[in-house]
$ cat query.txt   # compact mmCIF, C-alpha atoms and all ligand atoms
# COMPACT_ATOMS: atom_id res chain seq x y z
CA MET A 1 20.27 -16.78 10.27
CA LYS A 2 17.30 -15.04 8.78
CA ARG A 3 17.22 -17.50 5.96
CA ALA A 4 17.43 -20.47 8.33
CA LYS A 5 14.53 -19.03 10.26
CA LYS A 6 12.52 -18.58 7.13
CA ILE A 7 13.14 -22.15 6.05
CA LEU A 8 12.06 -23.38 9.46
CA ALA A 9 9.00 -21.23 9.19
CA LEU A 10 8.14 -22.81 5.89
CA ILE A 11 8.64 -26.32 7.21
CA LEU A 12 6.39 -25.57 10.09
CA ALA A 13 3.79 -23.96 7.90
CA MET A 14 3.66 -27.07 5.78
CA ALA A 15 3.63 -29.37 8.78
CA MET A 16 0.63 -27.70 10.26
CA ALA A 17 -2.33 -29.60 8.89
CA ALA A 18 -4.77 -27.04 10.14
CA CYS A 19 -3.41 -23.65 9.39
CA THR A 20 -5.89 -21.37 11.03
CA LEU A 21 -4.64 -17.85 10.61
CA THR A 22 -4.21 -17.38 6.93
CA ALA A 23 -5.14 -19.16 3.77
CA CYS A 24 -3.26 -22.42 3.93
CA GLY A 25 -0.51 -22.89 1.44
CA SER A 26 -0.41 -19.26 0.55
CA SER A 27 3.33 -19.66 0.28
CA THR A 28 4.25 -21.25 -3.00
CA ASP A 29 7.89 -21.69 -2.07
CA ALA A 30 7.98 -25.38 -1.20
CA SER A 31 11.69 -25.96 -1.66
CA VAL A 32 12.68 -26.64 1.91
CA GLY A 33 15.70 -28.43 3.24
CA GLU A 34 16.24 -30.88 6.08
CA THR A 35 14.15 -30.62 9.21
CA GLU A 36 15.92 -29.55 12.36
CA ASP A 37 13.66 -31.04 14.99
CA ALA A 38 14.76 -29.14 18.07
CA ALA A 39 14.51 -25.77 16.41
CA VAL A 40 11.19 -26.60 14.82
CA GLU A 41 9.78 -27.61 18.19
CA GLU A 42 11.03 -24.41 19.70
CA GLU A 43 9.31 -22.40 16.99
CA ALA A 44 6.15 -24.44 17.46
CA ALA A 45 6.02 -23.38 21.08
CA SER A 46 4.75 -20.02 19.92
CA GLU A 47 1.19 -20.44 18.73
CA THR A 48 1.41 -18.69 15.41
CA ALA A 49 5.09 -19.17 14.76
CA GLY A 50 6.10 -20.14 11.30
CA GLY A 51 3.12 -18.81 9.46
CA VAL A 52 3.46 -16.64 6.41
CA ILE A 53 1.22 -13.69 5.71
CA THR A 54 1.21 -12.92 2.01
CA PHE A 55 0.47 -9.24 1.50
CA GLY A 56 -0.49 -7.99 -1.91
CA THR A 57 0.59 -4.51 -2.92
CA ASN A 58 1.26 -2.29 -5.91
CA ALA A 59 4.76 -0.99 -5.33
CA GLU A 60 4.27 2.18 -7.36
CA PHE A 61 3.18 4.40 -4.52
CA PRO A 62 5.97 6.09 -2.60
CA PRO A 63 6.40 6.65 0.32
CA PHE A 64 4.07 3.72 1.11
CA GLU A 65 5.46 1.10 -1.24
CA PHE A 66 8.20 1.15 -3.80
CA VAL A 67 10.93 -1.10 -5.12
CA THR A 68 14.50 -0.48 -4.04
CA ALA A 69 17.78 -2.38 -3.83
CA ASN A 70 17.52 -3.03 -0.11
CA GLY A 71 13.97 -2.91 1.15
CA VAL A 72 12.49 -4.00 4.48
CA ILE A 73 10.93 -7.04 2.81
CA GLY A 74 13.23 -8.11 0.01
CA GLU A 75 13.19 -5.42 -2.65
CA PHE A 76 10.06 -3.78 -1.22
CA ASP A 77 10.28 -0.73 0.98
CA GLY A 78 8.06 2.02 2.35
CA ILE A 79 5.72 2.80 5.22
CA ASP A 80 3.29 -0.01 4.35
CA MET A 81 6.05 -2.55 3.89
CA ALA A 82 7.49 -1.73 7.32
CA ILE A 83 4.00 -2.03 8.82
CA ALA A 84 3.39 -5.37 7.09
CA LYS A 85 6.66 -6.71 8.40
CA GLN A 86 5.89 -5.59 11.93
CA ILE A 87 2.39 -7.08 11.89
CA ALA A 88 3.85 -10.43 10.90
CA GLU A 89 6.72 -10.25 13.38
CA GLU A 90 4.43 -9.28 16.27
CA ASN A 91 2.76 -12.62 15.68
CA GLY A 92 5.86 -14.71 15.13
CA MET A 93 5.15 -14.88 11.44
CA THR A 94 6.85 -13.84 8.22
CA ALA A 95 5.55 -11.27 5.73
CA GLU A 96 5.82 -11.93 2.03
CA ILE A 97 4.91 -9.50 -0.71
CA GLU A 98 3.16 -10.08 -4.00
CA ASN A 99 3.48 -7.09 -6.25
CA MET A 100 0.72 -6.57 -8.81
CA GLU A 101 -1.38 -3.92 -10.52
CA PHE A 102 -3.47 -1.87 -8.14
CA ASP A 103 -6.61 -2.88 -9.99
CA SER A 104 -5.90 -6.59 -9.43
CA LEU A 105 -5.42 -6.46 -5.67
CA LEU A 106 -8.97 -6.98 -4.47
CA VAL A 107 -9.63 -9.76 -6.96
CA ALA A 108 -6.41 -11.51 -5.88
CA LEU A 109 -7.57 -11.17 -2.29
CA GLN A 110 -10.96 -12.63 -3.03
CA ASN A 111 -9.33 -15.51 -4.94
CA GLY A 112 -7.12 -16.32 -1.97
CA GLN A 113 -3.95 -15.61 -3.94
CA ILE A 114 -2.96 -13.21 -1.17
CA ASP A 115 -3.99 -13.03 2.49
CA ALA A 116 -4.22 -9.26 2.82
CA VAL A 117 -3.84 -6.05 0.83
CA ILE A 118 -1.58 -3.28 2.09
CA ALA A 119 -1.35 -0.64 -0.60
CA GLY A 120 -2.19 2.79 0.76
CA MET A 121 -5.70 1.63 0.05
CA THR A 122 -8.49 4.01 0.95
CA ILE A 123 -11.55 2.60 2.65
CA THR A 124 -14.51 3.17 0.33
CA GLU A 125 -18.08 1.93 0.58
CA GLU A 126 -17.75 0.07 -2.68
CA ARG A 127 -14.58 -1.75 -1.64
CA ALA A 128 -16.02 -2.50 1.80
CA GLU A 129 -18.77 -4.46 0.09
CA ALA A 130 -16.19 -6.84 -1.33
CA VAL A 131 -13.60 -7.10 1.47
CA ASP A 132 -13.17 -6.34 5.16
CA PHE A 133 -11.00 -3.41 6.21
CA SER A 134 -8.83 -3.08 9.28
CA VAL A 135 -8.84 -0.04 11.50
CA PRO A 136 -7.35 2.90 9.58
CA TYR A 137 -3.63 3.61 10.00
CA TYR A 138 -3.16 6.78 7.91
CA THR A 139 -5.21 9.77 6.83
CA ALA A 140 -4.66 11.33 3.42
CA THR A 141 -6.50 13.43 0.88
CA GLN A 142 -6.49 13.88 -2.86
CA VAL A 143 -4.49 16.87 -4.05
CA MET A 144 -3.66 18.40 -7.41
CA ILE A 145 -0.12 18.47 -8.76
CA VAL A 146 0.35 21.29 -11.25
CA LYS A 147 3.20 23.24 -12.85
CA GLU A 148 4.53 26.03 -10.64
CA ASP A 149 3.08 28.70 -12.94
CA SER A 150 -0.34 27.05 -13.24
CA ASP A 151 -3.48 29.12 -12.68
CA ILE A 152 -5.29 26.15 -11.16
CA ALA A 153 -6.15 27.14 -7.58
CA SER A 154 -9.16 24.93 -6.86
CA ALA A 155 -10.77 21.72 -8.10
CA ALA A 156 -13.30 23.78 -10.09
CA ASP A 157 -10.41 25.29 -12.07
CA MET A 158 -9.76 21.84 -13.55
CA ALA A 159 -12.99 22.05 -15.58
CA ASP A 160 -11.38 23.07 -18.87
CA LYS A 161 -7.96 21.51 -18.21
CA LYS A 162 -6.38 18.27 -19.22
CA ILE A 163 -6.55 16.06 -16.13
CA CYS A 164 -4.43 12.96 -15.48
CA VAL A 165 -5.31 10.31 -12.89
CA ILE A 166 -4.15 6.81 -12.04
CA GLN A 167 -6.33 3.89 -13.01
CA GLY A 168 -8.40 2.52 -10.15
CA TYR A 169 -7.20 5.05 -7.58
CA THR A 170 -9.71 7.06 -5.57
CA GLY A 171 -8.41 10.16 -7.39
CA GLU A 172 -9.92 8.77 -10.58
CA VAL A 173 -13.24 8.23 -8.81
CA CYS A 174 -13.23 11.82 -7.48
CA VAL A 175 -12.52 13.38 -10.87
CA SER A 176 -15.09 11.22 -12.59
CA GLU A 177 -17.71 12.15 -9.97
CA MET A 178 -16.94 15.81 -10.61
CA GLY A 179 -17.94 15.11 -14.18
CA TYR A 180 -14.63 16.17 -15.76
CA ALA A 181 -12.96 14.41 -18.64
CA TYR A 182 -9.64 12.79 -17.75
CA GLU A 183 -6.98 10.43 -18.95
CA SER A 184 -5.87 7.55 -16.73
CA PHE A 185 -2.43 6.04 -16.42
CA LYS A 186 -1.18 2.81 -14.87
CA LYS A 187 1.45 4.48 -12.71
CA GLY A 188 1.76 7.75 -10.85
CA THR A 189 5.17 8.33 -12.43
CA GLU A 190 3.64 8.11 -15.91
CA ALA A 191 0.98 10.70 -15.11
CA VAL A 192 3.60 13.00 -13.57
CA MET A 193 5.78 12.67 -16.70
CA GLU A 194 2.83 13.84 -18.80
CA LEU A 195 2.56 16.86 -16.56
CA VAL A 196 6.31 17.57 -16.64
CA ASN A 197 6.25 17.28 -20.44
CA GLY A 198 3.34 19.69 -20.68
CA LYS A 199 0.95 17.08 -22.08
CA CYS A 200 -1.45 17.44 -19.19
CA ASP A 201 -2.26 20.29 -16.80
CA VAL A 202 -2.96 18.55 -13.52
CA VAL A 203 -2.48 15.18 -11.81
CA VAL A 204 -4.93 14.23 -9.07
CA ILE A 205 -3.36 11.83 -6.58
CA ASP A 206 -2.95 11.12 -2.84
CA SER A 207 -1.22 13.81 -0.78
CA ALA A 208 1.90 12.04 0.51
CA THR A 209 2.63 10.50 -2.88
CA ALA A 210 2.12 13.89 -4.53
CA ALA A 211 4.65 15.41 -2.13
CA LYS A 212 7.19 12.80 -3.16
CA TYR A 213 6.67 13.48 -6.87
CA VAL A 214 6.92 17.23 -6.35
CA SER A 215 10.20 16.83 -4.48
CA ASP A 216 11.52 14.54 -7.22
CA ASN A 217 10.65 16.83 -10.12
CA GLU A 218 11.54 20.48 -10.64
CA GLY A 219 8.87 23.05 -11.38
CA LEU A 220 5.85 21.36 -9.80
CA LYS A 221 3.65 22.37 -6.89
CA ILE A 222 0.72 21.00 -4.94
CA VAL A 223 -2.70 22.65 -4.86
CA GLU A 224 -5.10 21.55 -2.14
CA ASP A 225 -8.86 21.90 -2.11
CA PRO A 226 -10.29 20.40 1.10
CA ASP A 227 -13.81 21.44 0.10
CA ALA A 228 -13.66 19.35 -3.03
CA PHE A 229 -11.64 16.40 -1.74
CA GLU A 230 -12.69 14.68 1.45
CA SER A 231 -10.11 13.11 3.71
CA GLU A 232 -9.43 9.43 3.10
CA GLU A 233 -8.35 6.68 5.44
CA TYR A 234 -5.90 3.95 4.50
CA ALA A 235 -6.49 0.48 5.87
CA ILE A 236 -5.46 -3.11 5.28
CA ALA A 237 -7.99 -5.36 3.53
CA VAL A 238 -8.64 -9.05 4.20
CA GLN A 239 -11.14 -11.49 2.76
CA LYS A 240 -14.66 -11.00 4.04
CA GLY A 241 -15.10 -12.95 7.23
CA ASN A 242 -11.39 -13.60 7.90
CA THR A 243 -11.78 -12.27 11.43
CA GLU A 244 -8.82 -14.17 12.79
CA LEU A 245 -6.36 -12.41 10.50
CA LEU A 246 -8.25 -9.13 10.80
CA ASP A 247 -8.10 -9.24 14.62
CA MET A 248 -4.39 -9.89 14.46
CA ILE A 249 -3.85 -6.99 12.04
CA ASN A 250 -6.06 -4.64 14.06
CA ALA A 251 -4.28 -5.44 17.31
CA ALA A 252 -0.90 -4.79 15.70
CA ILE A 253 -2.04 -1.52 14.08
CA GLU A 254 -3.53 -0.29 17.33
CA THR A 255 -0.30 -1.00 19.20
CA LYS A 256 1.83 0.65 16.52
CA LEU A 257 -0.40 3.71 16.36
CA ALA A 258 -0.46 4.09 20.15
CA ASP A 259 3.30 3.77 20.63
CA GLY A 260 4.08 6.19 17.81
CA THR A 261 5.73 3.63 15.52
CA ILE A 262 3.50 4.41 12.54
CA SER A 263 3.92 8.18 12.74
CA ALA A 264 7.67 7.69 13.11
CA LEU A 265 7.66 5.56 9.96
CA ALA A 266 5.68 8.22 8.12
CA VAL A 267 8.26 10.84 9.10
CA GLN A 268 11.18 8.56 8.29
CA TYR A 269 9.96 7.68 4.81
CA THR A 270 8.84 11.19 4.01
CA GLU A 271 12.24 12.59 4.94
CA ALA A 272 14.02 9.87 3.02
CA ALA A 273 11.87 10.76 0.04
CA SER A 274 12.73 14.46 0.13
CA GLU A 275 16.45 13.83 0.57
CA GLU A 276 16.80 11.75 -2.59
N1 LIG K 301 -5.43 5.74 -1.88
C1 LIG K 301 -5.72 5.51 -3.25
C2 LIG K 301 -6.76 4.43 -3.41
O1 LIG K 301 -7.05 3.73 -2.51
C3 LIG K 301 -4.49 5.15 -4.06
C4 LIG K 301 -3.76 3.95 -3.58
C5 LIG K 301 -2.67 3.51 -4.55
N2 LIG K 301 -1.84 2.53 -3.95
C6 LIG K 301 -0.87 1.85 -4.58
N3 LIG K 301 -0.15 1.03 -3.86
N4 LIG K 301 -0.63 2.00 -5.85
O2 LIG K 301 -7.29 4.25 -4.46

$ encode --input "query.txt" --output "structure tokens"
Amino acid sequence: MKRAKKILALILAMAMAACTLTACGSSTDASVGETEDAAVEEEAASETAGGVITFGTNAEFPPFEFVTANGVIGEFDGIDMAIAKQIAEENGMTAEIENMEFDSLLVALQNGQIDAVIAGMTITEERAEAVDFSVPYYTATQVMIVKEDSDIASAADMADKKICVIQGYTGEVCVSEMGYAYESFKKGTEAVMELVNGKCDVVVIDSATAAKYVSDNEGLKIVEDPDAFESEEYAIAVQKGNTELLDMINAAIETKLADGTISALAVQYTEAASEE
């Protein structure tokens, strides 16, 4: 049934000459079957029905996005993936995911390869010059993951330590602004392995993701320093000027924040993470 619906959605998306909401033809899957007129008409009754929103992410950031056998959107699961799915469904549309390196997301968005970015992405001034951000849906902060017996108790204690960060993440920006030397990795798991193996002393990364890594690996703990690390807000990014999609996303986020759906998802995925 789901598949049939998806096929109908694709047919409709292709049939619509003027696709207003998202970049037209963002779906590359053009292998559709026979048209079922009645059903297509029924779908067409809803204004936005049949559209596809292609969200770009970097599924290396639990509990927001990760790859699993049975995710909420194909193999993709996590808080962001559930939010993406709900935004699409609220509007009678389908969410698709393109998984890529974190560093490539904003370029892919600007190129029109994806319609939106949902990737635990922090709103920063620099990014806001290139893309438009939705209303925030989650507040986080950078924290330090260290070995349980570490003497690091504040950000200043990192000065003479070996610091690991993830390439392109706000954690990298923070550490570089503090003027400390660091090594950057492509994935959070890689940086955490360096720490576990004693090759680095501290990993600077977002709080919820840090909590997941600490629960997954023995002998690690989190050190917070709210004076050194400001709080960060995650939001969804769209192309500059794509107000139609942005309005749709904002309306859905506001509804899901107000009715408690997003905080319930945060709890659900955080608990799932610590049970593993
Ligand atoms: N919040 C941080 C940032 O915006 C890290 C986000 C990483 N997200 C990901 N899906 N890998 O830079």

$ residues_near_point --input "query.txt" --point "(-3.3, 22.3, -17.1)" --cutoff "9 Å" --atoms "all atoms listed in the file" --output "list in words"
Val146, Lys147, Ser150, Asp151, Ile152, Met158, Asp160, Lys161, Lys162, Ile163, Leu195, Gly198, Lys199, Cys200, Asp201, Val202 and Val203 of chain A

$ atom_distance --input "query.txt" --atom1 "CA of Ile114 in chain A" --atom2 "CA of Glu190 in chain A"
26.7 Å

$ atom_distance --input "query.txt" --atom1 "CA of Glu194 in chain A" --atom2 "atom C4 of ligand LIG 301 (chain K)"
19.3 Å

$ residues_around --input "query.txt" --residues "Phe185 in chain A" --least-positions-apart "2" --cutoff "10 Å" --atoms "only C-alpha atoms" --output "PDB file with C-alpha atoms, in the frame of the given file"
ATOM      1  CA  CYS A 164      -4.430  12.960 -15.480  1.00  0.00           C
ATOM      2  CA  VAL A 165      -5.310  10.310 -12.890  1.00  0.00           C
ATOM      3  CA  ILE A 166      -4.150   6.810 -12.040  1.00  0.00           C
ATOM      4  CA  GLN A 167      -6.330   3.890 -13.010  1.00  0.00           C
ATOM      5  CA  GLY A 168      -8.400   2.520 -10.150  1.00  0.00           C
ATOM      6  CA  GLU A 172      -9.920   8.770 -10.580  1.00  0.00           C
ATOM      7  CA  TYR A 182      -9.640  12.790 -17.750  1.00  0.00           C
ATOM      8  CA  GLU A 183      -6.980  10.430 -18.950  1.00  0.00           C
ATOM      9  CA  LYS A 187       1.450   4.480 -12.710  1.00  0.00           C
ATOM     10  CA  GLY A 188       1.760   7.750 -10.850  1.00  0.00           C
ATOM     11  CA  THR A 189       5.170   8.330 -12.430  1.00  0.00           C
ATOM     12  CA  GLU A 190       3.640   8.110 -15.910  1.00  0.00           C
ATOM     13  CA  ALA A 191       0.980  10.700 -15.110  1.00  0.00           C
ATOM     14  CA  VAL A 192       3.600  13.000 -13.570  1.00  0.00           C
ATOM     15  CA  GLU A 194       2.830  13.840 -18.800  1.00  0.00           C
TER      16      GLU A 194
END

$ residues_near_ligand --input "query.txt" --ligand "ligand LIG 301 (chain K)" --cutoff "10 Å" --atoms "all atoms listed in the file" --output "short mmCIF file (atom, residue, chain, number, x, y, z; two decimals) with C-alpha atoms, in the coordinates of the input"
data_model
loop_
_atom_site.label_atom_id
_atom_site.label_comp_id
_atom_site.auth_asym_id
_atom_site.auth_seq_id
_atom_site.Cartn_x
_atom_site.Cartn_y
_atom_site.Cartn_z
CA GLY A 56 -0.49 -7.99 -1.91
CA THR A 57 0.59 -4.51 -2.92
CA ASN A 58 1.26 -2.29 -5.91
CA ALA A 59 4.76 -0.99 -5.33
CA GLU A 60 4.27 2.18 -7.36
CA PHE A 61 3.18 4.40 -4.52
CA PRO A 62 5.97 6.09 -2.60
CA PRO A 63 6.40 6.65 0.32
CA PHE A 64 4.07 3.72 1.11
CA GLU A 65 5.46 1.10 -1.24
CA PHE A 66 8.20 1.15 -3.80
CA ASP A 80 3.29 -0.01 4.35
CA ASN A 99 3.48 -7.09 -6.25
CA MET A 100 0.72 -6.57 -8.81
CA GLU A 101 -1.38 -3.92 -10.52
CA PHE A 102 -3.47 -1.87 -8.14
CA ASP A 103 -6.61 -2.88 -9.99
CA LEU A 105 -5.42 -6.46 -5.67
CA VAL A 117 -3.84 -6.05 0.83
CA ILE A 118 -1.58 -3.28 2.09
CA ALA A 119 -1.35 -0.64 -0.60
CA GLY A 120 -2.19 2.79 0.76
CA MET A 121 -5.70 1.63 0.05
CA THR A 122 -8.49 4.01 0.95
CA ILE A 123 -11.55 2.60 2.65
CA THR A 124 -14.51 3.17 0.33
CA ARG A 127 -14.58 -1.75 -1.64
CA THR A 139 -5.21 9.77 6.83
CA ALA A 140 -4.66 11.33 3.42
CA THR A 141 -6.50 13.43 0.88
CA GLN A 142 -6.49 13.88 -2.86
CA ILE A 166 -4.15 6.81 -12.04
CA GLN A 167 -6.33 3.89 -13.01
CA GLY A 168 -8.40 2.52 -10.15
CA TYR A 169 -7.20 5.05 -7.58
CA THR A 170 -9.71 7.06 -5.57
CA GLY A 171 -8.41 10.16 -7.39
CA GLU A 172 -9.92 8.77 -10.58
CA VAL A 173 -13.24 8.23 -8.81
CA LYS A 186 -1.18 2.81 -14.87
CA LYS A 187 1.45 4.48 -12.71
CA GLY A 188 1.76 7.75 -10.85
CA ILE A 205 -3.36 11.83 -6.58
CA ASP A 206 -2.95 11.12 -2.84
CA SER A 207 -1.22 13.81 -0.78
CA ALA A 208 1.90 12.04 0.51
CA THR A 209 2.63 10.50 -2.88
CA GLU A 232 -9.43 9.43 3.10
CA GLU A 233 -8.35 6.68 5.44
CA TYR A 234 -5.90 3.95 4.50
CA ALA A 235 -6.49 0.48 5.87
#

$ axis_aligned_box --input "query.txt" --around "range 130-149 of chain A" --padding-each-side "5 Å" --output "AutoDock Vina command-line options"
--center_x -5.8 --center_y 10.8 --center_z -0.7 --size_x 30.7 --size_y 45.8 --size_z 34.4

$ residues_around --input "query.txt" --residues "Ala156 in chain A" --least-positions-apart "5" --cutoff "12 Å" --atoms "all atoms listed in the file" --output "VMD selection string"
chain A and resid 144 151 161 163 175 178 to 180 223 to 225 227 to 229

$ residues_around --input "query.txt" --residues "Ile249 in chain A" --least-positions-apart "6" --cutoff "9 Å" --atoms "all atoms listed in the file" --output "list in words"
Ala84, Ile87, Ala88, Ser134, Val135 and Ile236 of chain A

$ residues_around --input "query.txt" --residues "Ile53 in chain A" --least-positions-apart "5" --cutoff "7 Å" --atoms "only C-alpha atoms" --output "PyMOL selection string"
chain A and resi 22+88+94-96+115

$ closest_residue --input "query.txt" --among "A:Ala108, A:Val214, A:Ala116, A:Val131" --to "Glu148 in chain A" --atoms "only C-alpha atoms"
A:Val214

$ closest_residue --input "query.txt" --among "A:Asp149, A:Glu90, A:Glu125, A:Asp157" --to "Leu220 in chain A" --atoms "only C-alpha atoms"
A:Asp149

$ closest_residue --input "query.txt" --among "A:Val72, A:Pro226, A:Gln110, A:Ile253" --to "Ala155 in chain A" --atoms "all atoms listed in the file"
A:Pro226
